[in-house]
$ cat structure24.txt   # compact mmCIF, C-alpha atoms
# COMPACT_ATOMS: atom_id res chain seq x y z
CA MET A 38 0.00 0.00 0.00
CA SER A 39 1.40 3.43 -0.87
CA ASP A 40 2.23 6.09 1.72
CA ALA A 41 -0.53 8.29 0.38
CA ALA A 42 -3.07 5.56 1.02
CA VAL A 43 -1.85 5.16 4.59
CA ALA A 44 -1.95 8.90 5.28
CA GLU A 45 -5.46 9.21 3.84
CA PRO A 46 -7.99 8.31 6.56
CA VAL A 47 -9.75 5.68 4.46
CA ALA A 48 -12.41 3.86 6.44
CA THR A 49 -11.66 0.20 6.00
CA TYR A 50 -13.19 -2.67 7.93
CA ASP A 51 -10.69 -4.63 9.93
CA ALA A 52 -11.84 -7.71 11.81
CA ASP A 53 -8.96 -7.37 14.28
CA SER A 54 -9.71 -3.78 15.24
CA HIS A 55 -11.87 -3.28 18.32
CA ASP A 56 -12.64 -0.51 20.74
CA ASP A 57 -12.43 -0.89 24.51
CA HIS A 58 -15.87 -2.51 24.66
CA GLY A 59 -15.19 -5.26 22.13
CA ALA A 60 -17.03 -3.51 19.29
CA HIS A 61 -15.61 -3.46 15.77
CA ARG A 62 -14.46 -0.08 14.53
CA THR A 63 -16.25 0.85 11.33
CA SER A 64 -16.43 3.82 8.99
CA LEU A 65 -19.89 4.55 10.42
CA GLY A 66 -18.61 4.84 13.99
CA LEU A 67 -21.26 2.30 14.99
CA SER A 68 -20.42 -1.40 15.22
CA ASN A 69 -21.83 -3.76 12.61
CA MET A 70 -23.47 -5.85 15.34
CA LYS A 71 -25.30 -2.85 16.74
CA LEU A 72 -26.39 -1.74 13.28
CA ALA A 73 -27.67 -5.27 12.62
CA MET A 74 -29.62 -5.18 15.89
CA TRP A 75 -31.18 -1.83 14.94
CA LEU A 76 -32.21 -3.25 11.56
CA PHE A 77 -33.72 -6.28 13.32
CA LEU A 78 -35.62 -3.97 15.69
CA ALA A 79 -36.85 -1.96 12.68
CA SER A 80 -38.34 -5.16 11.26
CA GLU A 81 -39.89 -5.84 14.67
CA CYS A 82 -41.51 -2.39 14.48
CA LEU A 83 -43.28 -3.52 11.33
CA LEU A 84 -44.47 -6.71 13.03
CA PHE A 85 -45.87 -4.96 16.09
CA GLY A 86 -47.21 -2.09 13.98
CA ALA A 87 -49.23 -4.62 12.00
CA LEU A 88 -50.43 -6.40 15.15
CA ILE A 89 -51.47 -3.16 16.88
CA SER A 90 -53.28 -1.95 13.73
CA THR A 91 -55.08 -5.29 13.39
CA TYR A 92 -56.16 -5.11 17.03
CA LEU A 93 -57.50 -1.55 16.69
CA LEU A 94 -59.44 -2.37 13.53
CA SER A 95 -60.81 -5.62 15.01
CA LYS A 96 -61.88 -3.89 18.21
CA ALA A 97 -63.66 -1.11 16.30
CA ASN A 98 -65.42 -3.68 14.13
CA PHE A 99 -66.31 -5.83 17.15
CA MET A 100 -67.82 -2.89 19.08
CA ALA A 101 -69.80 -1.79 16.00
CA GLU A 102 -71.28 -5.29 15.74
CA VAL A 103 -72.01 -5.44 19.50
CA LEU A 104 -73.80 -2.08 19.45
CA ALA A 105 -75.70 -3.13 16.31
CA GLY A 106 -76.76 -6.33 18.10
CA ASN A 107 -75.33 -8.78 15.57
CA PRO A 108 -76.38 -12.18 17.02
CA LYS A 109 -73.35 -13.97 15.51
CA VAL A 110 -70.99 -11.72 17.44
CA LEU A 111 -73.15 -11.59 20.60
CA SER A 112 -73.07 -15.38 20.83
CA THR A 113 -69.27 -15.42 21.07
CA MET A 114 -69.14 -14.00 24.61
CA PRO A 115 -71.19 -14.27 27.84
CA ALA A 116 -74.33 -12.10 27.83
CA GLU A 117 -73.32 -10.23 31.03
CA LEU A 118 -70.00 -9.18 29.50
CA ILE A 119 -71.67 -8.06 26.28
CA GLU A 120 -74.12 -6.00 28.34
CA GLU A 121 -71.22 -4.30 30.16
CA PHE A 122 -69.58 -3.50 26.80
CA ARG A 123 -72.83 -1.99 25.51
CA GLU A 124 -73.32 0.16 28.61
CA ALA A 125 -69.73 1.44 28.49
CA GLY A 126 -69.71 1.71 24.69
CA SER A 127 -66.28 0.07 24.70
CA VAL A 128 -64.37 -3.01 25.85
CA GLU A 129 -63.03 -1.04 28.83
CA PRO A 130 -64.90 -3.10 31.50
CA MET A 131 -62.72 -6.06 30.49
CA TRP A 132 -59.47 -4.52 31.69
CA ASP A 133 -57.99 -4.42 35.18
CA ILE A 134 -56.14 -1.08 34.87
CA PRO A 135 -54.51 -1.04 38.35
CA PHE A 136 -53.08 -4.52 37.78
CA THR A 137 -51.81 -3.70 34.26
CA SER A 138 -50.36 -0.40 35.54
CA ALA A 139 -48.34 -2.35 38.11
CA SER A 140 -47.11 -4.68 35.33
CA SER A 141 -46.12 -1.66 33.22
CA PHE A 142 -44.21 -0.19 36.14
CA ILE A 143 -42.36 -3.48 36.63
CA LEU A 144 -41.32 -3.59 32.98
CA LEU A 145 -40.19 0.06 33.08
CA MET A 146 -38.12 -0.73 36.16
CA SER A 147 -36.52 -3.67 34.33
CA SER A 148 -35.30 -1.23 31.66
CA LEU A 149 -33.52 0.74 34.38
CA THR A 150 -31.87 -2.39 35.82
CA MET A 151 -30.82 -3.38 32.27
CA VAL A 152 -28.94 -0.12 31.63
CA LEU A 153 -27.36 -0.40 35.08
CA ALA A 154 -26.19 -3.92 34.16
CA HIS A 155 -24.62 -2.55 30.97
CA LYS A 156 -22.94 0.21 32.90
CA ALA A 157 -21.61 -2.26 35.48
CA VAL A 158 -20.15 -4.61 32.87
CA SER A 159 -18.54 -1.64 31.07
CA GLU A 160 -16.79 -0.80 34.34
CA ASP A 161 -15.81 -4.45 35.04
CA ASP A 162 -17.93 -4.48 38.20
CA ASP A 163 -18.71 -8.22 38.33
CA LEU A 164 -20.97 -8.15 41.39
CA GLN A 165 -23.13 -5.28 40.14
CA THR A 166 -23.32 -6.90 36.70
CA LYS A 167 -24.70 -10.11 38.19
CA VAL A 168 -27.09 -8.26 40.52
CA TRP A 169 -28.60 -6.05 37.81
CA LEU A 170 -28.81 -8.85 35.22
CA ALA A 171 -30.56 -11.08 37.77
CA ALA A 172 -32.88 -8.21 38.77
CA THR A 173 -33.81 -7.59 35.13
CA ALA A 174 -34.57 -11.27 34.54
CA LEU A 175 -36.60 -11.40 37.76
CA LEU A 176 -38.63 -8.31 36.87
CA GLY A 177 -39.25 -9.69 33.37
CA SER A 178 -40.41 -12.99 34.87
CA THR A 179 -42.75 -11.11 37.20
CA PHE A 180 -44.23 -9.32 34.21
CA ILE A 181 -44.77 -12.65 32.41
CA ALA A 182 -46.36 -14.14 35.54
CA GLY A 183 -48.74 -11.17 35.61
CA GLN A 184 -49.60 -11.68 31.97
CA VAL A 185 -50.35 -15.38 32.56
CA TYR A 186 -52.62 -14.38 35.46
CA GLU A 187 -54.32 -11.74 33.31
CA PHE A 188 -54.88 -14.13 30.40
CA THR A 189 -56.38 -16.69 32.78
CA ALA A 190 -58.73 -14.06 34.24
CA PHE A 191 -59.83 -12.92 30.77
CA PHE A 192 -60.43 -16.50 29.67
CA ARG A 193 -62.61 -17.14 32.74
CA GLU A 194 -64.60 -13.99 32.00
CA GLY A 195 -65.32 -15.24 28.48
CA LEU A 196 -62.66 -13.68 26.25
CA THR A 197 -61.19 -16.53 24.21
CA TYR A 198 -58.67 -16.77 21.39
CA ASP A 199 -61.07 -18.36 18.91
CA GLY A 200 -64.35 -16.75 20.00
CA ASN A 201 -64.18 -13.63 17.85
CA LEU A 202 -61.71 -11.43 16.00
CA PHE A 203 -61.38 -9.04 18.96
CA GLY A 204 -60.20 -11.86 21.26
CA SER A 205 -57.91 -13.30 18.56
CA SER A 206 -56.21 -9.98 17.83
CA PHE A 207 -55.88 -9.09 21.53
CA PHE A 208 -54.28 -12.42 22.50
CA THR A 209 -52.06 -12.41 19.38
CA LEU A 210 -50.75 -8.91 20.10
CA THR A 211 -50.15 -9.30 23.83
CA GLY A 212 -49.08 -12.95 23.40
CA PHE A 213 -46.43 -12.01 20.83
CA HIS A 214 -45.18 -9.35 23.22
CA GLY A 215 -45.06 -11.91 26.02
CA VAL A 216 -43.06 -14.31 23.82
CA HIS A 217 -40.58 -11.48 23.12
CA VAL A 218 -40.21 -10.80 26.85
CA SER A 219 -39.68 -14.53 27.45
CA GLY A 220 -36.98 -14.57 24.74
CA GLY A 221 -35.33 -11.61 26.46
CA ILE A 222 -35.36 -13.45 29.77
CA LEU A 223 -33.57 -16.40 28.14
CA MET A 224 -30.92 -14.00 26.78
CA LEU A 225 -30.50 -12.45 30.24
CA MET A 226 -30.16 -15.87 31.86
CA SER A 227 -27.48 -16.76 29.29
CA LEU A 228 -25.57 -13.58 30.13
CA LEU A 229 -25.93 -14.32 33.83
CA PHE A 230 -24.54 -17.83 33.25
CA VAL A 231 -21.53 -16.36 31.42
CA ALA A 232 -21.10 -13.78 34.21
CA PHE A 233 -21.04 -16.50 36.87
CA ARG A 234 -18.35 -18.30 34.87
CA GLY A 235 -16.32 -15.09 35.14
CA LYS A 236 -16.25 -14.48 31.39
CA LEU A 237 -18.45 -11.40 31.17
CA LYS A 238 -15.95 -8.56 31.20
CA SER A 239 -15.85 -5.07 29.71
CA ASP A 240 -14.56 -6.44 26.38
CA ARG A 241 -18.01 -8.03 26.01
CA ALA A 242 -19.96 -4.97 27.08
CA GLU A 243 -21.37 -4.61 23.58
CA THR A 244 -23.04 -8.02 23.86
CA VAL A 245 -24.83 -6.82 27.00
CA GLU A 246 -25.73 -3.58 25.21
CA LEU A 247 -27.25 -5.53 22.29
CA VAL A 248 -29.40 -7.61 24.65
CA GLY A 249 -30.28 -4.31 26.35
CA LEU A 250 -31.40 -2.81 23.02
CA TYR A 251 -33.72 -5.76 22.51
CA TRP A 252 -35.00 -5.50 26.08
CA HIS A 253 -35.71 -1.75 25.84
CA PHE A 254 -37.47 -2.31 22.52
CA VAL A 255 -39.78 -4.81 24.21
CA ASP A 256 -40.38 -2.19 26.90
CA ILE A 257 -41.18 0.46 24.29
CA VAL A 258 -43.69 -1.86 22.61
CA TRP A 259 -45.41 -2.29 25.99
CA VAL A 260 -45.48 1.50 26.44
CA LEU A 261 -47.49 1.63 23.18
CA ILE A 262 -49.70 -1.36 24.02
CA PHE A 263 -50.47 -0.06 27.52
CA THR A 264 -51.70 3.29 26.22
CA ILE A 265 -53.37 2.19 22.97
CA VAL A 266 -54.96 -1.07 24.15
CA TYR A 267 -55.68 -0.48 27.83
CA LEU A 268 -56.00 3.25 28.49
CA ILE A 269 -57.71 4.52 25.33
CA PRO A 270 -61.24 3.06 25.31
CA MET B 190 -3.96 -6.64 7.16
CA ALA B 191 -1.36 -4.40 8.80
CA ASP B 192 -2.02 -1.68 6.24
CA ASN B 193 -5.74 -1.96 6.81
CA THR B 194 -5.20 -1.59 10.53
CA VAL B 195 -3.20 1.57 9.99
CA THR B 196 -5.87 3.08 7.75
CA THR B 197 -8.62 2.16 10.20
CA GLU B 198 -6.69 3.70 13.07
CA ALA B 199 -6.15 6.79 10.96
CA ALA B 200 -9.84 6.95 10.17
CA HIS B 201 -10.63 6.59 13.86
CA GLU B 202 -8.26 9.37 14.78
CA ALA B 203 -9.73 11.60 12.07
CA HIS B 204 -13.16 10.72 13.42
CA HIS B 205 -12.18 12.15 16.81
CA ASP B 206 -10.30 15.08 15.36
CA ASP B 207 -13.29 16.38 13.42
CA GLY B 208 -15.27 16.75 16.60
CA SER B 209 -17.57 13.78 16.12
CA HIS B 210 -18.24 11.48 19.04
CA ASP B 211 -17.16 8.02 20.00
CA GLU B 212 -20.19 5.77 20.37
CA HIS B 213 -19.53 5.08 24.06
CA ALA B 214 -18.08 8.43 24.99
CA HIS B 215 -21.22 10.23 26.12
CA HIS B 216 -23.62 7.65 27.46
CA PRO B 217 -25.70 8.90 30.42
CA THR B 218 -24.45 8.61 33.98
CA GLU B 219 -26.10 6.33 36.53
CA ARG B 220 -27.79 9.35 38.11
CA GLN B 221 -29.20 10.39 34.72
CA TYR B 222 -30.58 6.87 34.20
CA TRP B 223 -32.39 7.10 37.55
CA ILE B 224 -33.78 10.54 36.64
CA VAL B 225 -35.10 9.17 33.33
CA PHE B 226 -36.70 6.26 35.18
CA VAL B 227 -38.40 8.59 37.68
CA ILE B 228 -39.76 10.72 34.81
CA LEU B 229 -41.06 7.57 33.10
CA ALA B 230 -42.73 6.40 36.32
CA VAL B 231 -44.33 9.82 36.84
CA PHE B 232 -45.65 9.89 33.26
CA THR B 233 -47.08 6.39 33.71
CA ALA B 234 -48.84 7.47 36.92
CA VAL B 235 -50.22 10.60 35.22
CA GLU B 236 -51.40 8.49 32.26
CA VAL B 237 -53.33 6.15 34.55
CA ALA B 238 -54.77 9.04 36.58
CA TRP B 239 -55.79 10.81 33.35
CA SER B 240 -57.69 7.73 32.18
CA TYR B 241 -59.74 7.85 35.41
CA LEU B 242 -60.80 11.50 35.02
CA GLY B 243 -63.86 10.54 32.99
CA LEU B 244 -62.81 12.59 29.97
CA GLU B 245 -63.88 11.64 26.46
CA GLY B 246 -62.73 12.20 22.88
CA PRO B 247 -59.67 14.36 22.15
CA ALA B 248 -59.45 15.60 25.77
CA LEU B 249 -58.75 12.02 26.83
CA VAL B 250 -56.87 10.65 23.83
CA VAL B 251 -54.51 13.47 22.80
CA PRO B 252 -52.76 13.90 26.20
CA LEU B 253 -52.48 10.11 26.55
CA LEU B 254 -50.86 9.82 23.11
CA ALA B 255 -48.57 12.77 23.87
CA MET B 256 -47.39 11.15 27.11
CA MET B 257 -46.91 7.85 25.28
CA VAL B 258 -44.68 9.57 22.70
CA VAL B 259 -42.63 11.25 25.44
CA LYS B 260 -42.09 7.86 27.16
CA PHE B 261 -41.19 6.30 23.80
CA LEU B 262 -38.59 8.99 23.10
CA LEU B 263 -37.14 8.82 26.61
CA VAL B 264 -36.59 5.05 26.48
CA ALA B 265 -35.25 5.14 22.89
CA GLY B 266 -33.11 8.25 23.43
CA ALA B 267 -31.63 7.57 26.87
CA PHE B 268 -31.88 3.83 27.61
CA MET B 269 -31.26 2.69 24.02
CA HIS B 270 -28.60 5.42 23.58
CA LEU B 271 -30.24 6.48 20.31
CA TYR B 272 -29.72 10.14 21.15
CA PHE B 273 -26.01 9.48 21.51
CA ASP B 274 -25.58 6.92 18.71
CA LEU B 275 -27.06 9.31 16.16
CA LYS B 276 -24.10 11.63 16.82
CA ILE B 277 -21.86 9.29 14.85
CA VAL B 278 -20.07 9.84 11.57
CA ASN B 279 -22.76 10.77 9.03
CA GLY B 280 -25.08 11.05 12.04
CA ARG B 281 -27.02 13.94 10.52
CA VAL B 282 -27.92 11.83 7.49
CA PHE B 283 -29.02 8.96 9.71
CA SER B 284 -30.98 11.30 12.00
CA TRP B 285 -32.91 12.57 9.00
CA ALA B 286 -33.42 9.05 7.65
CA PHE B 287 -34.67 7.87 11.06
CA GLY B 288 -36.93 10.88 11.56
CA PHE B 289 -38.34 10.67 8.04
CA SER B 290 -39.03 6.91 8.39
CA LEU B 291 -40.78 7.48 11.72
CA LEU B 292 -42.92 10.28 10.27
CA LEU B 293 -43.77 8.15 7.22
CA ALA B 294 -44.79 5.21 9.43
CA VAL B 295 -47.07 7.42 11.58
CA LEU B 296 -48.69 8.92 8.47
CA VAL B 297 -49.28 5.46 6.96
CA TYR B 298 -50.97 4.25 10.15
CA LEU B 299 -53.10 7.39 10.43
CA THR B 300 -54.15 6.96 6.79
CA VAL B 301 -55.13 3.33 7.38
CA PHE B 302 -57.17 4.23 10.46
CA ALA B 303 -58.81 7.16 8.65
CA ALA B 304 -59.67 4.85 5.74
CA PHE B 305 -61.44 2.49 8.13
CA ASP B 306 -62.97 5.41 10.05
CA THR B 307 -61.33 4.19 13.28
CA LEU B 308 -59.27 7.22 14.30
CA PRO B 309 -59.57 7.55 18.10
CA PHE B 310 -60.09 11.32 17.86

$ encode --input "structure24.txt" --output "structure tokens"
Amino acid sequence: MSDAAVAEPVATYDADSHDDHGAHRTSLGLSNMKLAMWLFLASECLLFGALISTYLLSKANFMAEVLAGNPKVLSTMPAELIEEFREAGSVEPMWDIPFTSASSFILLMSSLTMVLAHKAVSEDDDLQTKVWLAATALLGSTFIAGQVYEFTAFFREGLTYDGNLFGSSFFTLTGFHGVHVSGGILMLMSLLFVAFRGKLKSDRAETVELVGLYWHFVDIVWVLIFTIVYLIP
Amino acid sequence: MADNTVTTEAAHEAHHDDGSHDEHAHHPTERQYWIVFVILAVFTAVEVAWSYLGLEGPALVVPLLAMMVVKFLLVAGAFMHLYFDLKIVNGRVFSWAFGFSLLLAVLVYLTVFAAFDTLPF
């Protein structure tokens, strides 16, 4: 290579070049792994955007049929519940807002513990890394436990997956979110396992950051679901 | 490989010299993370309280959506470091691309809901 080429700051990928946190140096200034994660999350936005849209359209259609007294739709749920929907003019009586608010708070708190875990691993603080990773996994598990309880309660009240399109779209949306949280918990447990083996150091901080990106995305999706599904009638 | 390393190092140095930021250089402090969390918790509490005020139509929906957007931006900007990662090389281009994509997505969804007459306001 000529001297001119060396002097010129040409951005060239080099697999052996890393920053202090184990990330590849690239011409973008952002590691390829992180860029890939952002692209993956962008595709996830499309998935959840479609699910949320489907839910909103199904709910509007369902309520229109309930208010119009369509017998095919009315037969899909218990008469008492249908009557509550008609009186309220929405599906609001179905939700347990205080319980879901507590779940939302728990998931928000898990985002805080996740960033603290990333900070701890960046500073090679092994104990704090383990504590915050474990706390994040525990808070995520609590959220999932709450969702299982909520689904059971809805099922007992008469909202089923195959009863009508409203139930199908609701369980698909929140169920997909729950599966994403569960996947995140598995990732966190894997990191915790590596941490307990003493191999999660600051040179792998980017791995923790990538799991954190996924985890915060799941949190953001819940921020949307909580407002759009539960709080807006 | 050695030559490539030199050029990459040179690019990295130039990257710092031109005033742009290293991707890990300006992440929030622990105290700032806690402040963001407290703000998020307060917004969540206000959201829930707002839904119990018995308001209807835009008076109910618009503030709830506004608070949702604020929470979205706080988590994405601070916890996901998006605010800091967009200050990378070519960051302005990516900021515009990100902002334009977000705006386009919102407009598409609003159009779909308007087409089905299901806008919440």

$ residues_around --input "structure24.txt" --residues "Pro217 (chain B)" --least-positions-apart "3" --cutoff "9 Å" --atoms "all atoms listed in the file" --output "number ranges by chain"
B: 220-222, 267-268, 270, 273

$ write_last_selection --input "structure24.txt" --atoms "C-alpha atoms" --output "mmCIF file, keeping the file's coordinate frame"
data_model
loop_
_atom_site.group_PDB
_atom_site.id
_atom_site.type_symbol
_atom_site.label_atom_id
_atom_site.label_comp_id
_atom_site.auth_asym_id
_atom_site.auth_seq_id
_atom_site.Cartn_x
_atom_site.Cartn_y
_atom_site.Cartn_z
ATOM 1 C CA ARG B 220 -27.790 9.350 38.110
ATOM 2 C CA GLN B 221 -29.200 10.390 34.720
ATOM 3 C CA TYR B 222 -30.580 6.870 34.200
ATOM 4 C CA ALA B 267 -31.630 7.570 26.870
ATOM 5 C CA PHE B 268 -31.880 3.830 27.610
ATOM 6 C CA HIS B 270 -28.600 5.420 23.580
ATOM 7 C CA PHE B 273 -26.010 9.480 21.510
#

$ residues_around --input "structure24.txt" --residues "Leu153 (chain A)" --least-positions-apart "4" --cutoff "12 Å" --atoms "all atoms listed in the file" --output "number ranges by chain"
A: 146-149, 157-160, 162, 164-173, 242, 245-246, 249; B: 216-223, 226, 268

$ closest_residue --input "structure24.txt" --among "A:Val218, A:Cys82, A:Leu93, A:Leu268" --to "Leu244 (chain B)" --atoms "all atoms listed in the file"
A:Leu268

$ residues_around --input "structure24.txt" --residues "region 221-223 of chain A" --least-positions-apart "4" --cutoff "7 Å" --atoms "all atoms listed in the file" --output "NGL selection string"
:A and (174 or 177 or 217 or 227 or 252)

$ closest_residue --input "structure24.txt" --among "B:Leu291, B:Val297, B:Tyr272, B:Ser240" --to "chain A" --atoms "all atoms listed in the file"
B:Ser240

$ closest_residue --input "structure24.txt" --among "B:Val259, B:Ala303, B:Leu292, B:Leu253" --to "chain A" --atoms "all atoms listed in the file"
B:Leu253

$ atom_distance --input "structure24.txt" --atom1 "CA of Phe232 (chain B)" --atom2 "CA of Phe191 (chain A)"
27.0 Å
